[in-house]
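Only one structure is covered here, and it is reproduced in the block below.
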Amino acid sequence: MTRGWDYEVAVIGGGPGGSSAAAQLARKGHRILLLERETFPRFHIGESQLPWSNEVMRTLGCEDLIREAGFVNKWGASFTSHDGSAAQYADFARAAETPAPQTFQVPRERFDDVLLRHAQRSGAEVRQGTRALDAIFDDKGATISYVDPKGLAHAVRAGAVVDASGRAGFLAKRFGQRVVDPVLRNVAVHAQFEGVPRREGRRAGDIQMVTRPDRGWFWFIPISPTVMSVGAVVPKAVHAAAGRPTAEESLQHYIDETPAAAELMREARRVSPGRFDADYSYLHTQHAGDRWVLVGDAGGFLDPIFSTGVLLAMQSGLEAAALISAGLADGDLSRARFAAYERTLQKRYHHFRRFAVGFYDPAFRDLFFTRSSRFGIYEAVLSVLAGNWRPSLGTRLRLAMFFGLVALQRVLPIAARSHSAAAWSGRRLPTPEPEPTLETER
Ligand SMILES: Cc1cc2nc3c(=O)[nH]c(=O)nc-3n(C[C@H](O)[C@H](O)[C@H](O)COP(=O)(O)OP(=O)(O)OC[C@H]3O[C@@H](n4cnc5c(N)ncnc54)[C@H](O)[C@@H]3O)c2cc1C
């Protein structure tokens with residue numbers, strides 16, 4: 001027991017963010033309690049990983065565990081227009097500043113289980129089937145109450161609390177505000193299927209995207225040798241008008257009206273229930289306070305178009321762990337210690353958001369899919385899509401040139417529109433508001 005605490009840190013949530021924070025703190029020799037309300041393995045959406053996660057796994061000491069788990073190798077992403085008339089391939093091997101361009105497609109029930117076990121083996125005390133109820137803070141620590149798998153209530157004292165509870169927002173809902181993104185207002189509906197064809201050889205593990213005329217898109221993610229995760233992302237307004245009563249019917253409806261997706265799904269057989277996800281792009285206004293920190297989706301989540309969620313959750317888990325460890329050593333866990341962390345989270349979110357919003361902008365796609373980049377611009381863009389969240393000055397300059405060209409493309413087309421909205425969606429789409437500010441949910 002330290003300073004009257006049962007644990008130095010309590011981590012709420014055993015997803016990638018919580019496991020990363022708990023493992024790293026335990027590896028630094030701290031006494032950690034992790035509470036996870038589910039019993040693993042449990043389903044979670046978010047299967048496609050990014051090459052920049054490799055660095056995080058290495059830092060966490062679980063790179064070999066992930067490599068040996070037998071997940072599908074991913075080297076890039078394929079894009080196809082709704083009618084199959086245009087197709088492009090983003091190969092991570094061409095991405096600037098990306099030393100290991102290969103990553104994985106993972107069934108999250110297995111991936112999250114590997115990470116949670118790693119946290120446990122690293123020394124964290126992990127309690128599954130255990131729901132955190134509340135955390136009461138005072139000058140000396142926090143009292144965390146929870147219910148165990150038998151329904152019995154308990155309370156423990158900890159020096160700090162990490163909220164890694166994902167969209168549940170265990171602490172996030174109490175402090176600050178969740179700000180919903182005004183542009184990325186989409187709904188996702190998804191399920192797992194067998195009998196969906198995939199490419200040959202090195203590209204068999206690609207994530208395949210199929211675009212829709214309404215700015216929506218599909219993902220096809222091969223999560224095992226036979227199973228494909230299939231999801232449709234559509235604007236909320238479209239779903240309000242065209243959605244069907246169940247997730248299964250809605251997904252089938254969106255597939256049926258998109259020829260390239262329907263073609264891929266011709267022989268498909270659903271092997272899981274369908275599920276909805278809505279309102280998933282948001283950023284919190286406050287990411288830390290005295291003795292608490294938000295990690296991963298608890299603090300913010302960006303549209304899944306470029307698969308940034310797990311990388312951001314794990315990276316923030318690592319960063320939070322480093323700061324809490326230093327704060328424990330110095331006896332200071334006040335919010336001021338986390339000021340740089342809060343700034344980094346905001347900055348990183350907006351760095352990737354620029355690209356997520358761009359994907360829904362025809363001018364962005366015109367240039368991205370032209371690929372005839374000079375000066376390494378295409379490679380710079382690919383490096384961000386590979387997860388590069390701290391580009392060098394050279395790459396930042398190339399990205400600035402890219403967005404300059406996107407602006408030019410809107411008014412004075414400089415790239416062929418062969419892959420533009422006309423080809424990709426069948427009709428010209430209005431350009432989204434450039435770089436809007438976020439608005440408050442409540
Ligand atoms: C439609 C969609 C598609 C996506 N696709 C991708 C993708 O392809 N690639 C990608 O990287 N990301 C993707 N994501 C994002 C990804 O799912 C998340 O960003 C990621 O899971 C965040 O990790 P986390 O650890 O912060 O939260 P989570 O993984 O959500 O983990 C939080 C954990 O906290 C537990 N918990 C919650 N409340 C409590 C409580 N009170 N007590 C105890 N435990 C609690 C939960 O049971 C859960 O296990 C997608 C998201 C959506 C919505």
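Scheme for the structure tokens: letters A, B, ... for chains in order shown; per-chain residue numbers from 1; ligand numbers from 1 in order shown.
Proximity to Asp139 (chain A) at 12 Å, evaluated using only C-alpha atoms and with sequence-adjacent residues fewer than 5 positions away removed, yields A:Arg3, A:Ala158, A:Gly159, A:Ala160, A:Asp290, A:Arg291, A:Gly331, A:Asp332, A:Leu333, A:Ser334.
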Output for the residues just chosen: N, CA and C atoms as a PDB file, in the first residue's frame:
ATOM      1  N   ARG A   3       0.944   5.454   0.323  1.00  0.00           N
ATOM      2  CA  ARG A   3       0.238   6.676   0.734  1.00  0.00           C
ATOM      3  C   ARG A   3      -1.257   6.433   0.975  1.00  0.00           C
ATOM      4  N   ALA A 158      -7.029   4.769  -4.972  1.00  0.00           N
ATOM      5  CA  ALA A 158      -5.923   4.842  -5.942  1.00  0.00           C
ATOM      6  C   ALA A 158      -5.419   6.277  -6.005  1.00  0.00           C
ATOM      7  N   GLY A 159      -4.171   6.415  -6.447  1.00  0.00           N
ATOM      8  CA  GLY A 159      -3.574   7.753  -6.556  1.00  0.00           C
ATOM      9  C   GLY A 159      -4.060   8.504  -7.781  1.00  0.00           C
ATOM     10  N   ALA A 160      -4.394   7.757  -8.836  1.00  0.00           N
ATOM     11  CA  ALA A 160      -4.862   8.389 -10.080  1.00  0.00           C
ATOM     12  C   ALA A 160      -5.785   7.430 -10.806  1.00  0.00           C
ATOM     13  N   ASP A 290      -7.106  16.963 -12.119  1.00  0.00           N
ATOM     14  CA  ASP A 290      -6.284  16.555 -10.979  1.00  0.00           C
ATOM     15  C   ASP A 290      -6.516  15.068 -10.725  1.00  0.00           C
ATOM     16  N   ARG A 291      -5.488  14.295 -10.927  1.00  0.00           N
ATOM     17  CA  ARG A 291      -5.474  12.852 -10.656  1.00  0.00           C
ATOM     18  C   ARG A 291      -6.269  12.019 -11.660  1.00  0.00           C
ATOM     19  N   GLY A 331       5.192  13.203  -6.829  1.00  0.00           N
ATOM     20  CA  GLY A 331       4.105  13.513  -5.897  1.00  0.00           C
ATOM     21  C   GLY A 331       3.211  14.636  -6.400  1.00  0.00           C
ATOM     22  N   ASP A 332       3.127  14.788  -7.695  1.00  0.00           N
ATOM     23  CA  ASP A 332       2.268  15.840  -8.265  1.00  0.00           C
ATOM     24  C   ASP A 332       1.494  15.268  -9.460  1.00  0.00           C
ATOM     25  N   LEU A 333       0.184  15.086  -9.252  1.00  0.00           N
ATOM     26  CA  LEU A 333      -0.665  14.567 -10.330  1.00  0.00           C
ATOM     27  C   LEU A 333      -1.746  15.592 -10.673  1.00  0.00           C
ATOM     28  N   SER A 334      -1.361  16.855 -10.568  1.00  0.00           N
ATOM     29  CA  SER A 334      -2.334  17.904 -10.863  1.00  0.00           C
ATOM     30  C   SER A 334      -2.516  18.044 -12.376  1.00  0.00           C
TER      31      SER A 334
END
>> Show me which residues line ligand 1, defined as having an atom within 7 Å of a ligand atom where only C-alpha atoms and all ligand atoms count, and present them as a PyMOL selection string.
In response: chain A and resi 12-18+35-38+44-49+130-133+164-170+188+277+280+295-298+301+304+307-311+313
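Residue nearest Glu55 (chain A), chosen from A:Gln409, A:Ser20, A:Thr395, A:Gln315 and counting only C-alpha atoms: A:Gln315.
For the set A:Thr103, A:Ala240, A:Gln192, A:Glu263, the residue with the smallest atom-to-atom gap to Arg67 (chain A) is A:Thr103, counting only C-alpha atoms.
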>> Between CA of Gly205 (chain A) and CA of Ala77 (chain A), what distance in Å does the model show, to one decimal?
In response: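 Between CA of Gly205 (chain A) and CA of Ala77 (chain A) the gap is 8.7 Å.
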> With only C-alpha atoms as the basis for distance, which of A:Glu342, A:Val156, A:His82, A:Pro101 is at the shortest distance from Glu257 (chain A)?
Replying inline: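 Closest to Glu257 (chain A) of all the choices is A:His82.
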> In Å, how far is it from CA of Phe375 (chain A) to CA of Thr211 (chain A)?
Replying inline: 28.3 Å
> How many Å separate CA of Ala356 (chain A) from CA of His253 (chain A)?
Replying inline: 25.0 Å
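Backbone DSSP assigns alpha helix (DSSP H) in region 144-279 of chain A to Lys236, Ala237, Val238, His239, Ala240, Ala241, Ala242, Ala247, Glu248, Glu249, Ser250, Leu251, Gln252, His253, Tyr254, Ile255, Asp256, Pro259, Ala260, Ala261, Ala262, Glu263 and Leu264 of chain A.
Nearest residue to Val9 (chain A), choosing from A:Ala363, A:Ala232, A:Ala321, A:Ala93 and counting only C-alpha atoms: A:Ala321.
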> Counting only C-alpha atoms, what is within 12 Å of Thr59 (chain A), bar same-chain residues fewer than 4 positions away, as JSON, numbers by chain?
Replying inline: {"A": [20, 21, 23, 24, 27, 52, 53, 54, 55, 63, 64, 314, 315, 317, 318, 319, 321, 322]}
Please produce an output containing N, CA and C atoms for each residue in the selection, written as an mmCIF file, in the first residue's frame.
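Saved the output as part_35.cif:
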data_model
loop_
_atom_site.group_PDB
_atom_site.id
_atom_site.type_symbol
_atom_site.label_atom_id
_atom_site.label_comp_id
_atom_site.auth_asym_id
_atom_site.auth_seq_id
_atom_site.Cartn_x
_atom_site.Cartn_y
_atom_site.Cartn_z
ATOM 1 N N SER A 20 -2.850 -0.666 -22.897
ATOM 2 C CA SER A 20 -1.540 -0.032 -23.144
ATOM 3 C C SER A 20 -1.101 0.776 -21.930
ATOM 4 N N ALA A 21 -2.016 1.578 -21.382
ATOM 5 C CA ALA A 21 -1.660 2.392 -20.216
ATOM 6 C C ALA A 21 -1.282 1.492 -19.041
ATOM 7 N N ALA A 23 -0.305 -1.727 -19.029
ATOM 8 C CA ALA A 23 0.923 -2.502 -19.251
ATOM 9 C C ALA A 23 2.147 -1.622 -19.040
ATOM 10 N N GLN A 24 2.093 -0.423 -19.589
ATOM 11 C CA GLN A 24 3.275 0.441 -19.516
ATOM 12 C C GLN A 24 3.538 0.901 -18.085
ATOM 13 N N ARG A 27 4.922 -2.058 -16.233
ATOM 14 C CA ARG A 27 6.322 -2.305 -16.626
ATOM 15 C C ARG A 27 7.279 -1.320 -15.943
ATOM 16 N N TRP A 52 1.950 2.457 -38.306
ATOM 17 C CA TRP A 52 2.591 3.197 -37.214
ATOM 18 C C TRP A 52 2.278 2.603 -35.840
ATOM 19 N N SER A 53 1.353 1.627 -35.785
ATOM 20 C CA SER A 53 1.113 0.912 -34.522
ATOM 21 C C SER A 53 2.310 0.045 -34.153
ATOM 22 N N ASN A 54 3.115 -0.338 -35.144
ATOM 23 C CA ASN A 54 4.259 -1.226 -34.863
ATOM 24 C C ASN A 54 5.176 -0.624 -33.810
ATOM 25 N N GLU A 55 5.384 0.669 -33.930
ATOM 26 C CA GLU A 55 6.260 1.367 -32.986
ATOM 27 C C GLU A 55 5.669 1.304 -31.555
ATOM 28 N N GLU A 63 5.298 -6.606 -29.408
ATOM 29 C CA GLU A 63 5.392 -6.739 -30.864
ATOM 30 C C GLU A 63 5.400 -8.214 -31.281
ATOM 31 N N ASP A 64 6.180 -9.031 -30.588
ATOM 32 C CA ASP A 64 6.268 -10.449 -30.951
ATOM 33 C C ASP A 64 4.946 -11.167 -30.699
ATOM 34 N N MET A 314 -3.898 3.550 -28.314
ATOM 35 C CA MET A 314 -2.693 2.957 -27.717
ATOM 36 C C MET A 314 -1.611 4.005 -27.487
ATOM 37 N N GLN A 315 -1.453 4.906 -28.462
ATOM 38 C CA GLN A 315 -0.434 5.954 -28.321
ATOM 39 C C GLN A 315 -0.761 6.839 -27.111
ATOM 40 N N GLY A 317 -2.454 5.941 -24.537
ATOM 41 C CA GLY A 317 -2.218 5.129 -23.343
ATOM 42 C C GLY A 317 -0.764 5.177 -22.919
ATOM 43 N N LEU A 318 0.129 5.087 -23.902
ATOM 44 C CA LEU A 318 1.570 5.152 -23.610
ATOM 45 C C LEU A 318 1.956 6.510 -23.028
ATOM 46 N N GLU A 319 1.456 7.557 -23.665
ATOM 47 C CA GLU A 319 1.817 8.912 -23.222
ATOM 48 C C GLU A 319 1.272 9.204 -21.822
ATOM 49 N N ALA A 321 0.659 7.016 -19.544
ATOM 50 C CA ALA A 321 1.433 6.202 -18.586
ATOM 51 C C ALA A 321 2.740 6.910 -18.218
ATOM 52 N N ALA A 322 3.424 7.467 -19.193
ATOM 53 C CA ALA A 322 4.710 8.127 -18.929
ATOM 54 C C ALA A 322 4.513 9.316 -17.987
#
Do you know which residues are at most 10 Å from Phe71 (chain A) counting only C-alpha atoms, after dropping those on the same chain fewer than 2 positions away, and could you put them as a compact mmCIF listing (two decimals) with N, CA and C atoms, in the first residue's frame?
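Result file follows (selection-v5.txt):
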# COMPACT_ATOMS: atom_id res chain seq x y z
N ILE A 66 1.97 -10.00 -30.91
CA ILE A 66 1.03 -9.66 -31.98
C ILE A 66 1.45 -10.37 -33.28
N ARG A 67 2.74 -10.35 -33.55
CA ARG A 67 3.24 -10.98 -34.77
C ARG A 67 2.97 -12.49 -34.76
N GLU A 68 3.06 -13.09 -33.56
CA GLU A 68 2.89 -14.56 -33.49
C GLU A 68 1.42 -14.96 -33.38
N ALA A 69 0.52 -14.01 -33.27
CA ALA A 69 -0.90 -14.35 -33.06
C ALA A 69 -1.58 -14.81 -34.35
N ASN A 73 -2.02 -10.33 -42.58
CA ASN A 73 -1.08 -9.25 -42.90
C ASN A 73 -1.75 -8.20 -43.79
N LYS A 74 -1.53 -6.93 -43.46
CA LYS A 74 -2.10 -5.83 -44.26
C LYS A 74 -0.95 -4.97 -44.76
N THR A 103 1.18 -4.14 -41.54
CA THR A 103 0.47 -4.19 -40.26
C THR A 103 -0.54 -5.33 -40.32
N PHE A 104 -1.61 -5.25 -39.53
CA PHE A 104 -2.52 -6.41 -39.42
C PHE A 104 -3.99 -6.00 -39.50
N GLN A 105 -4.80 -6.98 -39.94
CA GLN A 105 -6.25 -6.91 -39.81
C GLN A 105 -6.59 -7.88 -38.68
N VAL A 106 -7.34 -7.42 -37.69
CA VAL A 106 -7.49 -8.25 -36.49
C VAL A 106 -8.95 -8.42 -36.08
N PRO A 107 -9.37 -9.65 -35.73
CA PRO A 107 -10.64 -9.76 -35.01
C PRO A 107 -10.38 -9.16 -33.64
N ARG A 110 -9.85 -11.13 -30.33
CA ARG A 110 -8.55 -11.79 -30.08
C ARG A 110 -7.45 -10.76 -29.83
N PHE A 111 -7.44 -9.73 -30.62
CA PHE A 111 -6.39 -8.68 -30.49
C PHE A 111 -6.45 -8.05 -29.09
N GLY A 205 -4.67 -9.17 -48.00
CA GLY A 205 -5.03 -8.57 -46.71
C GLY A 205 -5.37 -7.10 -46.77
N PRO A 222 -10.53 -8.25 -44.37
CA PRO A 222 -10.36 -9.69 -44.15
C PRO A 222 -9.76 -9.95 -42.77
N ILE A 223 -10.57 -10.46 -41.83
CA ILE A 223 -10.07 -10.60 -40.45
C ILE A 223 -9.62 -12.02 -40.13
N SER A 224 -9.80 -12.93 -41.07
CA SER A 224 -9.26 -14.29 -40.91
C SER A 224 -9.17 -14.86 -42.33
N PRO A 225 -8.63 -16.06 -42.49
CA PRO A 225 -8.56 -16.60 -43.86
C PRO A 225 -9.92 -16.71 -44.53
